[in-house]
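Novice: Below is the file entry12.pdb, with PDB, N, CA and C atoms.
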MODEL        1
ATOM      1  N   MET A   2     -37.826 -49.000 106.636
ATOM      2  CA  MET A   2     -38.365 -47.677 106.879
ATOM      3  C   MET A   2     -38.936 -47.128 105.568
ATOM      4  N   ILE A   3     -40.197 -46.699 105.599
ATOM      5  CA  ILE A   3     -40.855 -46.137 104.428
ATOM      6  C   ILE A   3     -40.663 -44.629 104.442
ATOM      7  N   MET A   4     -40.180 -44.117 103.310
ATOM      8  CA  MET A   4     -39.965 -42.682 103.192
ATOM      9  C   MET A   4     -41.267 -42.020 102.771
ATOM     10  N   ARG A   5     -41.718 -41.055 103.519
ATOM     11  CA  ARG A   5     -42.933 -40.321 103.162
ATOM     12  C   ARG A   5     -42.558 -39.174 102.232
ATOM     13  N   ARG A   6     -43.210 -39.121 101.104
ATOM     14  CA  ARG A   6     -42.947 -38.084 100.109
ATOM     15  C   ARG A   6     -44.117 -37.102 100.087
ATOM     16  N   ASP A   7     -43.846 -35.900  99.561
ATOM     17  CA  ASP A   7     -44.933 -34.949  99.363
ATOM     18  C   ASP A   7     -44.882 -34.420  97.937
ATOM     19  N   VAL A   8     -45.871 -33.626  97.569
ATOM     20  CA  VAL A   8     -45.959 -33.152  96.189
ATOM     21  C   VAL A   8     -44.761 -32.308  95.791
ATOM     22  N   PHE A   9     -44.164 -31.612  96.737
ATOM     23  CA  PHE A   9     -43.023 -30.762  96.409
ATOM     24  C   PHE A   9     -41.788 -31.597  96.070
ATOM     25  N   GLN A  10     -41.629 -32.727  96.742
ATOM     26  CA  GLN A  10     -40.552 -33.642  96.367
ATOM     27  C   GLN A  10     -40.822 -34.229  94.988
ATOM     28  N   ALA A  11     -42.076 -34.493  94.718
ATOM     29  CA  ALA A  11     -42.430 -35.084  93.423
ATOM     30  C   ALA A  11     -42.116 -34.134  92.279
ATOM     31  N   ILE A  12     -42.444 -32.861  92.430
ATOM     32  CA  ILE A  12     -42.231 -31.924  91.329
ATOM     33  C   ILE A  12     -40.822 -31.355  91.304
ATOM     34  N   ALA A  13     -40.008 -31.718  92.278
ATOM     35  CA  ALA A  13     -38.628 -31.222  92.310
ATOM     36  C   ALA A  13     -37.805 -31.785  91.159
ATOM     37  N   ASP A  14     -38.181 -32.918  90.648
ATOM     38  CA  ASP A  14     -37.421 -33.557  89.576
ATOM     39  C   ASP A  14     -37.990 -33.159  88.213
ATOM     40  N   PRO A  15     -37.140 -32.697  87.296
ATOM     41  CA  PRO A  15     -37.639 -32.263  85.980
ATOM     42  C   PRO A  15     -38.292 -33.377  85.159
ATOM     43  N   ILE A  16     -37.849 -34.595  85.330
ATOM     44  CA  ILE A  16     -38.475 -35.716  84.593
ATOM     45  C   ILE A  16     -39.911 -35.888  85.065
ATOM     46  N   ARG A  17     -40.118 -35.814  86.369
ATOM     47  CA  ARG A  17     -41.473 -35.977  86.895
ATOM     48  C   ARG A  17     -42.367 -34.814  86.459
ATOM     49  N   ARG A  18     -41.819 -33.602  86.404
ATOM     50  CA  ARG A  18     -42.605 -32.474  85.896
ATOM     51  C   ARG A  18     -42.979 -32.708  84.433
ATOM     52  N   ASP A  19     -42.044 -33.247  83.661
ATOM     53  CA  ASP A  19     -42.329 -33.545  82.250
ATOM     54  C   ASP A  19     -43.403 -34.627  82.122
ATOM     55  N   ILE A  20     -43.375 -35.605  82.994
ATOM     56  CA  ILE A  20     -44.406 -36.653  82.975
ATOM     57  C   ILE A  20     -45.771 -36.030  83.280
ATOM     58  N   ILE A  21     -45.824 -35.166  84.266
ATOM     59  CA  ILE A  21     -47.085 -34.477  84.589
ATOM     60  C   ILE A  21     -47.568 -33.693  83.371
ATOM     61  N   ASP A  22     -46.654 -32.993  82.705
ATOM     62  CA  ASP A  22     -47.027 -32.233  81.500
ATOM     63  C   ASP A  22     -47.616 -33.144  80.429
ATOM     64  N   LEU A  23     -47.039 -34.320  80.263
ATOM     65  CA  LEU A  23     -47.561 -35.273  79.271
ATOM     66  C   LEU A  23     -48.985 -35.721  79.609
ATOM     67  N   LEU A  24     -49.271 -35.834  80.882
ATOM     68  CA  LEU A  24     -50.557 -36.363  81.319
ATOM     69  C   LEU A  24     -51.658 -35.307  81.419
ATOM     70  N   VAL A  25     -51.313 -34.059  81.180
ATOM     71  CA  VAL A  25     -52.313 -32.999  81.267
ATOM     72  C   VAL A  25     -53.429 -33.207  80.244
ATOM     73  N   ASP A  26     -53.061 -33.605  79.040
ATOM     74  CA  ASP A  26     -54.043 -33.714  77.959
ATOM     75  C   ASP A  26     -54.724 -35.074  77.858
ATOM     76  N   ASP A  27     -54.056 -36.119  78.330
ATOM     77  CA  ASP A  27     -54.610 -37.458  78.114
ATOM     78  C   ASP A  27     -53.969 -38.442  79.086
ATOM     79  N   ARG A  28     -54.636 -39.520  79.342
ATOM     80  CA  ARG A  28     -54.008 -40.584  80.111
ATOM     81  C   ARG A  28     -53.160 -41.411  79.147
ATOM     82  N   LEU A  29     -52.037 -41.895  79.645
ATOM     83  CA  LEU A  29     -51.098 -42.642  78.812
ATOM     84  C   LEU A  29     -50.655 -43.911  79.522
ATOM     85  N   THR A  30     -50.258 -44.896  78.730
ATOM     86  CA  THR A  30     -49.678 -46.100  79.323
ATOM     87  C   THR A  30     -48.265 -45.773  79.799
ATOM     88  N   VAL A  31     -47.766 -46.605  80.684
ATOM     89  CA  VAL A  31     -46.390 -46.435  81.163
ATOM     90  C   VAL A  31     -45.428 -46.527  79.976
ATOM     91  N   ASN A  32     -45.691 -47.452  79.056
ATOM     92  CA  ASN A  32     -44.827 -47.586  77.879
ATOM     93  C   ASN A  32     -44.861 -46.340  77.005
ATOM     94  N   ALA A  33     -46.027 -45.746  76.811
ATOM     95  CA  ALA A  33     -46.141 -44.529  76.002
ATOM     96  C   ALA A  33     -45.365 -43.383  76.646
ATOM     97  N   ILE A  34     -45.399 -43.316  77.954
ATOM     98  CA  ILE A  34     -44.637 -42.285  78.664
ATOM     99  C   ILE A  34     -43.146 -42.544  78.479
ATOM    100  N   ALA A  35     -42.737 -43.789  78.671
ATOM    101  CA  ALA A  35     -41.318 -44.148  78.581
ATOM    102  C   ALA A  35     -40.744 -43.831  77.203
ATOM    103  N   GLU A  36     -41.562 -43.978  76.154
ATOM    104  CA  GLU A  36     -41.096 -43.697  74.795
ATOM    105  C   GLU A  36     -40.729 -42.230  74.589
ATOM    106  N   LYS A  37     -41.226 -41.354  75.429
ATOM    107  CA  LYS A  37     -40.973 -39.917  75.297
ATOM    108  C   LYS A  37     -39.631 -39.496  75.902
ATOM    109  N   PHE A  38     -38.963 -40.409  76.590
ATOM    110  CA  PHE A  38     -37.736 -40.074  77.312
ATOM    111  C   PHE A  38     -36.575 -40.941  76.853
ATOM    112  N   GLU A  39     -35.393 -40.431  77.062
ATOM    113  CA  GLU A  39     -34.189 -41.174  76.707
ATOM    114  C   GLU A  39     -33.541 -41.807  77.930
ATOM    115  N   ILE A  40     -34.381 -42.213  78.868
ATOM    116  CA  ILE A  40     -33.888 -42.959  80.028
ATOM    117  C   ILE A  40     -34.589 -44.304  80.032
ATOM    118  N   SER A  41     -34.128 -45.199  80.856
ATOM    119  CA  SER A  41     -34.650 -46.570  80.844
ATOM    120  C   SER A  41     -36.109 -46.649  81.304
ATOM    121  N   ARG A  42     -36.759 -47.685  80.874
ATOM    122  CA  ARG A  42     -38.140 -47.937  81.282
ATOM    123  C   ARG A  42     -38.234 -48.107  82.800
ATOM    124  N   PRO A  43     -37.292 -48.849  83.448
ATOM    125  CA  PRO A  43     -37.347 -48.946  84.907
ATOM    126  C   PRO A  43     -37.203 -47.590  85.607
ATOM    127  N   ALA A  44     -36.401 -46.698  85.044
ATOM    128  CA  ALA A  44     -36.248 -45.362  85.639
ATOM    129  C   ALA A  44     -37.565 -44.593  85.549
ATOM    130  N   ILE A  45     -38.241 -44.693  84.399
ATOM    131  CA  ILE A  45     -39.545 -44.040  84.239
ATOM    132  C   ILE A  45     -40.548 -44.645  85.220
ATOM    133  N   SER A  46     -40.511 -45.958  85.369
ATOM    134  CA  SER A  46     -41.419 -46.620  86.322
ATOM    135  C   SER A  46     -41.207 -46.104  87.738
ATOM    136  N   LYS A  47     -39.964 -45.858  88.092
ATOM    137  CA  LYS A  47     -39.663 -45.328  89.428
ATOM    138  C   LYS A  47     -40.243 -43.914  89.592
ATOM    139  N   HIS A  48     -40.098 -43.087  88.566
ATOM    140  CA  HIS A  48     -40.669 -41.740  88.619
ATOM    141  C   HIS A  48     -42.190 -41.805  88.733
ATOM    142  N   ILE A  49     -42.793 -42.699  87.977
ATOM    143  CA  ILE A  49     -44.247 -42.855  88.016
ATOM    144  C   ILE A  49     -44.691 -43.340  89.395
ATOM    145  N   LYS A  50     -43.928 -44.227  89.976
ATOM    146  CA  LYS A  50     -44.247 -44.724  91.325
ATOM    147  C   LYS A  50     -44.245 -43.570  92.333
ATOM    148  N   ILE A  51     -43.271 -42.689  92.229
ATOM    149  CA  ILE A  51     -43.194 -41.542  93.138
ATOM    150  C   ILE A  51     -44.396 -40.615  92.926
ATOM    151  N   LEU A  52     -44.727 -40.340  91.674
ATOM    152  CA  LEU A  52     -45.886 -39.488  91.400
ATOM    153  C   LEU A  52     -47.167 -40.108  91.948
ATOM    154  N   ASN A  53     -47.264 -41.423  91.854
ATOM    155  CA  ASN A  53     -48.424 -42.130  92.391
ATOM    156  C   ASN A  53     -48.439 -42.074  93.918
ATOM    157  N   GLU A  54     -47.293 -42.296  94.549
ATOM    158  CA  GLU A  54     -47.200 -42.231  96.013
ATOM    159  C   GLU A  54     -47.575 -40.851  96.536
ATOM    160  N   CYS A  55     -47.262 -39.828  95.756
ATOM    161  CA  CYS A  55     -47.561 -38.449  96.159
ATOM    162  C   CYS A  55     -48.965 -38.029  95.761
ATOM    163  N   ASP A  56     -49.718 -38.973  95.191
ATOM    164  CA  ASP A  56     -51.115 -38.764  94.824
ATOM    165  C   ASP A  56     -51.293 -37.725  93.710
ATOM    166  N   LEU A  57     -50.254 -37.556  92.888
ATOM    167  CA  LEU A  57     -50.359 -36.646  91.749
ATOM    168  C   LEU A  57     -50.916 -37.332  90.518
ATOM    169  N   ILE A  58     -50.770 -38.647  90.461
ATOM    170  CA  ILE A  58     -51.357 -39.425  89.373
ATOM    171  C   ILE A  58     -52.035 -40.651  89.966
ATOM    172  N   VAL A  59     -52.886 -41.239  89.171
ATOM    173  CA  VAL A  59     -53.517 -42.507  89.528
ATOM    174  C   VAL A  59     -53.213 -43.473  88.392
ATOM    175  N   ILE A  60     -53.034 -44.720  88.736
ATOM    176  CA  ILE A  60     -52.727 -45.746  87.743
ATOM    177  C   ILE A  60     -53.901 -46.714  87.668
ATOM    178  N   HIS A  61     -54.418 -46.888  86.445
ATOM    179  CA  HIS A  61     -55.519 -47.821  86.195
ATOM    180  C   HIS A  61     -54.973 -49.011  85.423
ATOM    181  N   GLN A  62     -55.289 -50.187  85.891
ATOM    182  CA  GLN A  62     -54.876 -51.423  85.210
ATOM    183  C   GLN A  62     -55.985 -51.851  84.256
ATOM    184  N   HIS A  63     -55.658 -51.998  82.970
ATOM    185  CA  HIS A  63     -56.591 -52.512  81.962
ATOM    186  C   HIS A  63     -55.880 -53.643  81.246
ATOM    187  N   GLY A  64     -56.232 -54.870  81.587
ATOM    188  CA  GLY A  64     -55.529 -56.025  81.034
ATOM    189  C   GLY A  64     -54.076 -55.989  81.491
ATOM    190  N   ARG A  65     -53.175 -56.053  80.527
ATOM    191  CA  ARG A  65     -51.751 -56.010  80.880
ATOM    192  C   ARG A  65     -51.202 -54.590  80.885
ATOM    193  N   GLU A  66     -52.010 -53.635  80.433
ATOM    194  CA  GLU A  66     -51.549 -52.248  80.354
ATOM    195  C   GLU A  66     -51.875 -51.482  81.635
ATOM    196  N   ARG A  67     -50.956 -50.620  82.002
ATOM    197  CA  ARG A  67     -51.167 -49.699  83.135
ATOM    198  C   ARG A  67     -51.256 -48.294  82.561
ATOM    199  N   PHE A  68     -52.393 -47.636  82.794
ATOM    200  CA  PHE A  68     -52.619 -46.279  82.310
ATOM    201  C   PHE A  68     -52.443 -45.289  83.455
ATOM    202  N   CYS A  69     -51.709 -44.231  83.163
ATOM    203  CA  CYS A  69     -51.480 -43.178  84.147
ATOM    204  C   CYS A  69     -52.365 -41.990  83.813
ATOM    205  N   GLN A  70     -52.948 -41.415  84.850
ATOM    206  CA  GLN A  70     -53.817 -40.264  84.668
ATOM    207  C   GLN A  70     -53.504 -39.258  85.763
ATOM    208  N   ILE A  71     -53.435 -37.994  85.376
ATOM    209  CA  ILE A  71     -53.129 -36.946  86.351
ATOM    210  C   ILE A  71     -54.324 -36.733  87.276
ATOM    211  N   LYS A  72     -54.041 -36.338  88.496
ATOM    212  CA  LYS A  72     -55.079 -35.966  89.453
ATOM    213  C   LYS A  72     -54.934 -34.464  89.685
ATOM    214  N   PRO A  73     -55.591 -33.646  88.858
ATOM    215  CA  PRO A  73     -55.362 -32.203  88.919
ATOM    216  C   PRO A  73     -55.652 -31.591  90.282
ATOM    217  N   GLU A  74     -56.603 -32.165  91.012
ATOM    218  CA  GLU A  74     -56.914 -31.618  92.336
ATOM    219  C   GLU A  74     -55.719 -31.701  93.282
ATOM    220  N   SER A  75     -54.817 -32.627  93.023
ATOM    221  CA  SER A  75     -53.628 -32.769  93.862
ATOM    222  C   SER A  75     -52.634 -31.628  93.643
ATOM    223  N   LEU A  76     -52.784 -30.921  92.535
ATOM    224  CA  LEU A  76     -51.885 -29.799  92.257
ATOM    225  C   LEU A  76     -52.312 -28.521  92.989
ATOM    226  N   PHE A  77     -53.491 -28.540  93.605
ATOM    227  CA  PHE A  77     -53.961 -27.359  94.336
ATOM    228  C   PHE A  77     -52.991 -26.953  95.436
ATOM    229  N   GLU A  78     -52.417 -27.932  96.119
ATOM    230  CA  GLU A  78     -51.464 -27.624  97.200
ATOM    231  C   GLU A  78     -50.304 -26.793  96.663
ATOM    232  N   ILE A  79     -49.823 -27.141  95.491
ATOM    233  CA  ILE A  79     -48.720 -26.406  94.874
ATOM    234  C   ILE A  79     -49.193 -25.017  94.465
ATOM    235  N   ALA A  80     -50.354 -24.956  93.824
ATOM    236  CA  ALA A  80     -50.896 -23.673  93.364
ATOM    237  C   ALA A  80     -51.137 -22.729  94.538
ATOM    238  N   ASP A  81     -51.658 -23.259  95.636
ATOM    239  CA  ASP A  81     -51.896 -22.426  96.825
ATOM    240  C   ASP A  81     -50.589 -21.861  97.370
ATOM    241  N   TRP A  82     -49.579 -22.704  97.431
ATOM    242  CA  TRP A  82     -48.288 -22.264  97.962
ATOM    243  C   TRP A  82     -47.668 -21.201  97.069
ATOM    244  N   VAL A  83     -47.680 -21.441  95.776
ATOM    245  CA  VAL A  83     -47.109 -20.481  94.823
ATOM    246  C   VAL A  83     -47.917 -19.188  94.838
ATOM    247  N   GLY A  84     -49.227 -19.311  95.000
ATOM    248  CA  GLY A  84     -50.098 -18.141  95.014
ATOM    249  C   GLY A  84     -49.738 -17.139  96.092
ATOM    250  N   LYS A  85     -49.262 -17.618  97.221
ATOM    251  CA  LYS A  85     -48.849 -16.714  98.307
ATOM    252  C   LYS A  85     -47.734 -15.782  97.847
ATOM    253  N   TYR A  86     -46.877 -16.287  97.012
ATOM    254  CA  TYR A  86     -45.712 -15.516  96.580
ATOM    255  C   TYR A  86     -45.993 -14.712  95.318
ATOM    256  N   ARG A  87     -47.042 -15.067  94.598
ATOM    257  CA  ARG A  87     -47.396 -14.321  93.383
ATOM    258  C   ARG A  87     -47.691 -12.864  93.730
ATOM    259  N   LYS A  88     -48.460 -12.631  94.795
ATOM    260  CA  LYS A  88     -48.793 -11.260  95.207
ATOM    261  C   LYS A  88     -47.522 -10.494  95.552
ATOM    262  N   LEU A  89     -46.635 -11.123  96.286
ATOM    263  CA  LEU A  89     -45.372 -10.483  96.659
ATOM    264  C   LEU A  89     -44.586 -10.064  95.419
ATOM    265  N   TRP A  90     -44.457 -10.967  94.454
ATOM    266  CA  TRP A  90     -43.699 -10.658  93.244
ATOM    267  C   TRP A  90     -44.416  -9.642  92.373
ATOM    268  N   ASP A  91     -45.725  -9.689  92.316
ATOM    269  CA  ASP A  91     -46.465  -8.675  91.569
ATOM    270  C   ASP A  91     -46.198  -7.289  92.140
ATOM    271  N   GLU A  92     -46.210  -7.183  93.475
ATOM    272  CA  GLU A  92     -45.938  -5.898  94.118
ATOM    273  C   GLU A  92     -44.513  -5.430  93.825
ATOM    274  N   LYS A  93     -43.558  -6.331  93.900
ATOM    275  CA  LYS A  93     -42.171  -5.963  93.635
ATOM    276  C   LYS A  93     -41.972  -5.541  92.180
ATOM    277  N   LEU A  94     -42.591  -6.268  91.262
ATOM    278  CA  LEU A  94     -42.469  -5.914  89.849
ATOM    279  C   LEU A  94     -43.169  -4.598  89.536
ATOM    280  N   ASP A  95     -44.314  -4.351  90.176
ATOM    281  CA  ASP A  95     -44.992  -3.064  89.992
ATOM    282  C   ASP A  95     -44.127  -1.921  90.505
ATOM    283  N   SER A  96     -43.501  -2.137  91.639
ATOM    284  CA  SER A  96     -42.614  -1.129  92.216
ATOM    285  C   SER A  96     -41.415  -0.881  91.292
ATOM    286  N   PHE A  97     -40.853  -1.929  90.751
ATOM    287  CA  PHE A  97     -39.721  -1.792  89.831
ATOM    288  C   PHE A  97     -40.144  -1.050  88.563
ATOM    289  N   GLU A  98     -41.332  -1.352  88.070
ATOM    290  CA  GLU A  98     -41.841  -0.662  86.888
ATOM    291  C   GLU A  98     -42.011   0.831  87.167
ATOM    292  N   ASP A  99     -42.540   1.170  88.348
ATOM    293  CA  ASP A  99     -42.676   2.584  88.735
ATOM    294  C   ASP A  99     -41.320   3.268  88.754
ATOM    295  N   TYR A 100     -40.331   2.600  89.311
ATOM    296  CA  TYR A 100     -38.974   3.133  89.385
ATOM    297  C   TYR A 100     -38.416   3.384  87.982
ATOM    298  N   LEU A 101     -38.572   2.416  87.082
ATOM    299  CA  LEU A 101     -38.083   2.579  85.712
ATOM    300  C   LEU A 101     -38.800   3.713  84.992
ATOM    301  N   ASN A 102     -40.099   3.855  85.216
ATOM    302  CA  ASN A 102     -40.856   4.945  84.599
ATOM    303  C   ASN A 102     -40.366   6.301  85.099
ATOM    304  N   LYS A 103     -40.046   6.397  86.405
ATOM    305  CA  LYS A 103     -39.514   7.654  86.955
ATOM    306  C   LYS A 103     -38.154   7.967  86.338
ATOM    307  N   LEU A 104     -37.315   6.948  86.195
ATOM    308  CA  LEU A 104     -36.004   7.164  85.572
ATOM    309  C   LEU A 104     -36.164   7.631  84.128
ATOM    310  N   GLN A 105     -37.061   7.005  83.420
ATOM    311  CA  GLN A 105     -37.277   7.362  82.022
ATOM    312  C   GLN A 105     -37.809   8.793  81.926
ATOM    313  N   SER A 106     -38.724   9.161  82.789
ATOM    314  CA  SER A 106     -39.261  10.535  82.795
ATOM    315  C   SER A 106     -38.162  11.526  83.094
ATOM    316  N   LYS A 107     -37.303  11.199  84.048
ATOM    317  CA  LYS A 107     -36.197  12.091  84.421
ATOM    318  C   LYS A 107     -35.248  12.268  83.252
ATOM    319  N   ASN A 108     -34.922  11.159  82.562
ATOM    320  CA  ASN A 108     -34.019  11.217  81.413
ATOM    321  C   ASN A 108     -34.601  12.051  80.277
ATOM    322  N   ILE A 109     -35.892  11.971  80.058
ATOM    323  CA  ILE A 109     -36.538  12.752  79.004
ATOM    324  C   ILE A 109     -36.478  14.237  79.360
ATOM    325  N   LYS A 110     -36.712  14.581  80.638
ATOM    326  CA  LYS A 110     -36.666  15.984  81.087
ATOM    327  C   LYS A 110     -35.245  16.536  80.985
ATOM    328  N   ASP A 111     -34.240  15.688  81.259
ATOM    329  CA  ASP A 111     -32.842  16.140  81.249
ATOM    330  C   ASP A 111     -32.315  16.365  79.835
ATOM    331  N   GLN A 112     -32.994  15.861  78.840
ATOM    332  CA  GLN A 112     -32.484  15.990  77.470
ATOM    333  C   GLN A 112     -32.779  17.304  76.885
TER     334      GLN A 112
ENDMDL
END
Mind turning this structure into structure tokens?
Specialist:
Amino acid sequence: MIMRRDVFQAIADPIRRDIIDLLVDDRLTVNAIAEKFEISRPAISKHIKILNECDLIVIHQHGRERFCQIKPESLFEIADWVGKYRKLWDEKLDSFEDYLNKLQSKNIKDQ
């Protein structure tokens, strides 16, 4: 049975998020990525495989080296989902700021 993964499962793991962060600026070999972590090379390979299965990265073979490159368009799904909640939190934070300003005004008047 093949387990179907999605981008949210991929980014749920902090190691995979760190790998994505590494790939934002440049494509890297699997070995270069593995050198950045204190876990085994096979463990990093497994994380990279998941990111590839979720279409967040693409792997290019050049000779014996495998280069990983981020697919930024694949992050749109995450950005869209988070964007729905950004408005909600902005409204809540604005409301909280209004409340704090009223309290501060009241305290100044009471002094």
Novice: Rounded to one decimal in Å, what is the spacing between atom CA of Glu39 of chain A and atom CA of Leu23 of chain A?
Specialist: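 Separating atom CA of Glu39 of chain A from atom CA of Leu23 of chain A is a distance of 14.8 Å.
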Novice: So what do you get for atom CA of Phe38 of chain A versus atom CA of Glu74 of chain A, distance-wise?
Specialist: 25.8 Å
Novice: Within 8 Å of Ile34 of chain A, counting all atoms listed in the file, which residues qualify if same-chain residues fewer than 4 places away don't, as a ChimeraX atom specification?
Specialist: /A:20,23,29-30,38,42,45
Novice: So which residues touch Leu57 of chain A within 6.5 Å, counting all atoms listed in the file, skipping near sequence neighbours fewer than 3 positions away, as a list in words?
Specialist: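 Once the nearby chain positions are removed, what remains is Leu52, Asn53, Glu54, Gln70, Ile71, Lys72, Pro73, Ser75 and Leu76 of chain A.
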Novice: I'd like the neighbourhood of segment 78-93 of chain A as a CSV table (one decimal) with N, CA and C atoms, in the frame of the given file, where a residue qualifies if any of its atoms comes within 10 Å (using only C-alpha atoms), though same-chain residues fewer than 6 positions away should be ignored.
Specialist:
chain,number,residue,atom,x,y,z
A,8,VAL,N,-45.9,-33.6,97.6
A,8,VAL,CA,-46.0,-33.2,96.2
A,8,VAL,C,-44.8,-32.3,95.8
A,9,PHE,N,-44.2,-31.6,96.7
A,9,PHE,CA,-43.0,-30.8,96.4
A,9,PHE,C,-41.8,-31.6,96.1
A,12,ILE,N,-42.4,-32.9,92.4
A,12,ILE,CA,-42.2,-31.9,91.3
A,12,ILE,C,-40.8,-31.4,91.3
A,99,ASP,N,-42.5,1.2,88.3
A,99,ASP,CA,-42.7,2.6,88.7
A,99,ASP,C,-41.3,3.3,88.8
Novice: Taking (-49.6, -48.3, 78.1) in the file's coordinates as the center, which residues reach within 6 Å of it, counting only C-alpha atoms, put as a ChimeraX atom specification?
Specialist: /A:29-33,66-68
Novice: At the level of N, CA and C atoms, write segment 90-107 of chain A to a file as a PDB file, in the first residue's frame, please.
Specialist:
ATOM      1  N   TRP A  90      -6.572  36.744  12.072  1.00  0.00           N
ATOM      2  CA  TRP A  90      -5.656  37.151  13.135  1.00  0.00           C
ATOM      3  C   TRP A  90      -5.374  38.643  13.098  1.00  0.00           C
ATOM      4  N   ASP A  91      -5.301  39.229  11.927  1.00  0.00           N
ATOM      5  CA  ASP A  91      -5.127  40.677  11.842  1.00  0.00           C
ATOM      6  C   ASP A  91      -6.290  41.397  12.511  1.00  0.00           C
ATOM      7  N   GLU A  92      -7.513  40.920  12.250  1.00  0.00           N
ATOM      8  CA  GLU A  92      -8.692  41.528  12.869  1.00  0.00           C
ATOM      9  C   GLU A  92      -8.658  41.364  14.388  1.00  0.00           C
ATOM     10  N   LYS A  93      -8.296  40.191  14.858  1.00  0.00           N
ATOM     11  CA  LYS A  93      -8.239  39.956  16.297  1.00  0.00           C
ATOM     12  C   LYS A  93      -7.162  40.811  16.962  1.00  0.00           C
ATOM     13  N   LEU A  94      -6.008  40.914  16.321  1.00  0.00           N
ATOM     14  CA  LEU A  94      -4.934  41.734  16.881  1.00  0.00           C
ATOM     15  C   LEU A  94      -5.286  43.216  16.856  1.00  0.00           C
ATOM     16  N   ASP A  95      -5.966  43.662  15.798  1.00  0.00           N
ATOM     17  CA  ASP A  95      -6.416  45.056  15.753  1.00  0.00           C
ATOM     18  C   ASP A  95      -7.413  45.336  16.869  1.00  0.00           C
ATOM     19  N   SER A  96      -8.308  44.400  17.090  1.00  0.00           N
ATOM     20  CA  SER A  96      -9.296  44.537  18.159  1.00  0.00           C
ATOM     21  C   SER A  96      -8.603  44.573  19.526  1.00  0.00           C
ATOM     22  N   PHE A  97      -7.628  43.726  19.723  1.00  0.00           N
ATOM     23  CA  PHE A  97      -6.886  43.704  20.986  1.00  0.00           C
ATOM     24  C   PHE A  97      -6.124  45.015  21.186  1.00  0.00           C
ATOM     25  N   GLU A  98      -5.546  45.532  20.116  1.00  0.00           N
ATOM     26  CA  GLU A  98      -4.835  46.805  20.200  1.00  0.00           C
ATOM     27  C   GLU A  98      -5.792  47.931  20.589  1.00  0.00           C
ATOM     28  N   ASP A  99      -6.992  47.939  19.996  1.00  0.00           N
ATOM     29  CA  ASP A  99      -8.006  48.943  20.359  1.00  0.00           C
ATOM     30  C   ASP A  99      -8.349  48.848  21.836  1.00  0.00           C
ATOM     31  N   TYR A 100      -8.522  47.637  22.324  1.00  0.00           N
ATOM     32  CA  TYR A 100      -8.842  47.400  23.728  1.00  0.00           C
ATOM     33  C   TYR A 100      -7.729  47.935  24.632  1.00  0.00           C
ATOM     34  N   LEU A 101      -6.476  47.631  24.302  1.00  0.00           N
ATOM     35  CA  LEU A 101      -5.350  48.115  25.102  1.00  0.00           C
ATOM     36  C   LEU A 101      -5.257  49.634  25.079  1.00  0.00           C
ATOM     37  N   ASN A 102      -5.521  50.245  23.932  1.00  0.00           N
ATOM     38  CA  ASN A 102      -5.497  51.705  23.832  1.00  0.00           C
ATOM     39  C   ASN A 102      -6.584  52.328  24.704  1.00  0.00           C
ATOM     40  N   LYS A 103      -7.777  51.705  24.741  1.00  0.00           N
ATOM     41  CA  LYS A 103      -8.860  52.210  25.599  1.00  0.00           C
ATOM     42  C   LYS A 103      -8.469  52.094  27.069  1.00  0.00           C
ATOM     43  N   LEU A 104      -7.858  50.973  27.437  1.00  0.00           N
ATOM     44  CA  LEU A 104      -7.414  50.805  28.825  1.00  0.00           C
ATOM     45  C   LEU A 104      -6.367  51.855  29.187  1.00  0.00           C
ATOM     46  N   GLN A 105      -5.446  52.077  28.293  1.00  0.00           N
ATOM     47  CA  GLN A 105      -4.387  53.047  28.550  1.00  0.00           C
ATOM     48  C   GLN A 105      -4.984  54.449  28.674  1.00  0.00           C
ATOM     49  N   SER A 106      -5.918  54.791  27.820  1.00  0.00           N
ATOM     50  CA  SER A 106      -6.578  56.108  27.894  1.00  0.00           C
ATOM     51  C   SER A 106      -7.313  56.253  29.204  1.00  0.00           C
ATOM     52  N   LYS A 107      -7.997  55.199  29.627  1.00  0.00           N
ATOM     53  CA  LYS A 107      -8.751  55.232  30.888  1.00  0.00           C
ATOM     54  C   LYS A 107      -7.809  55.431  32.058  1.00  0.00           C
TER      55      LYS A 107
END
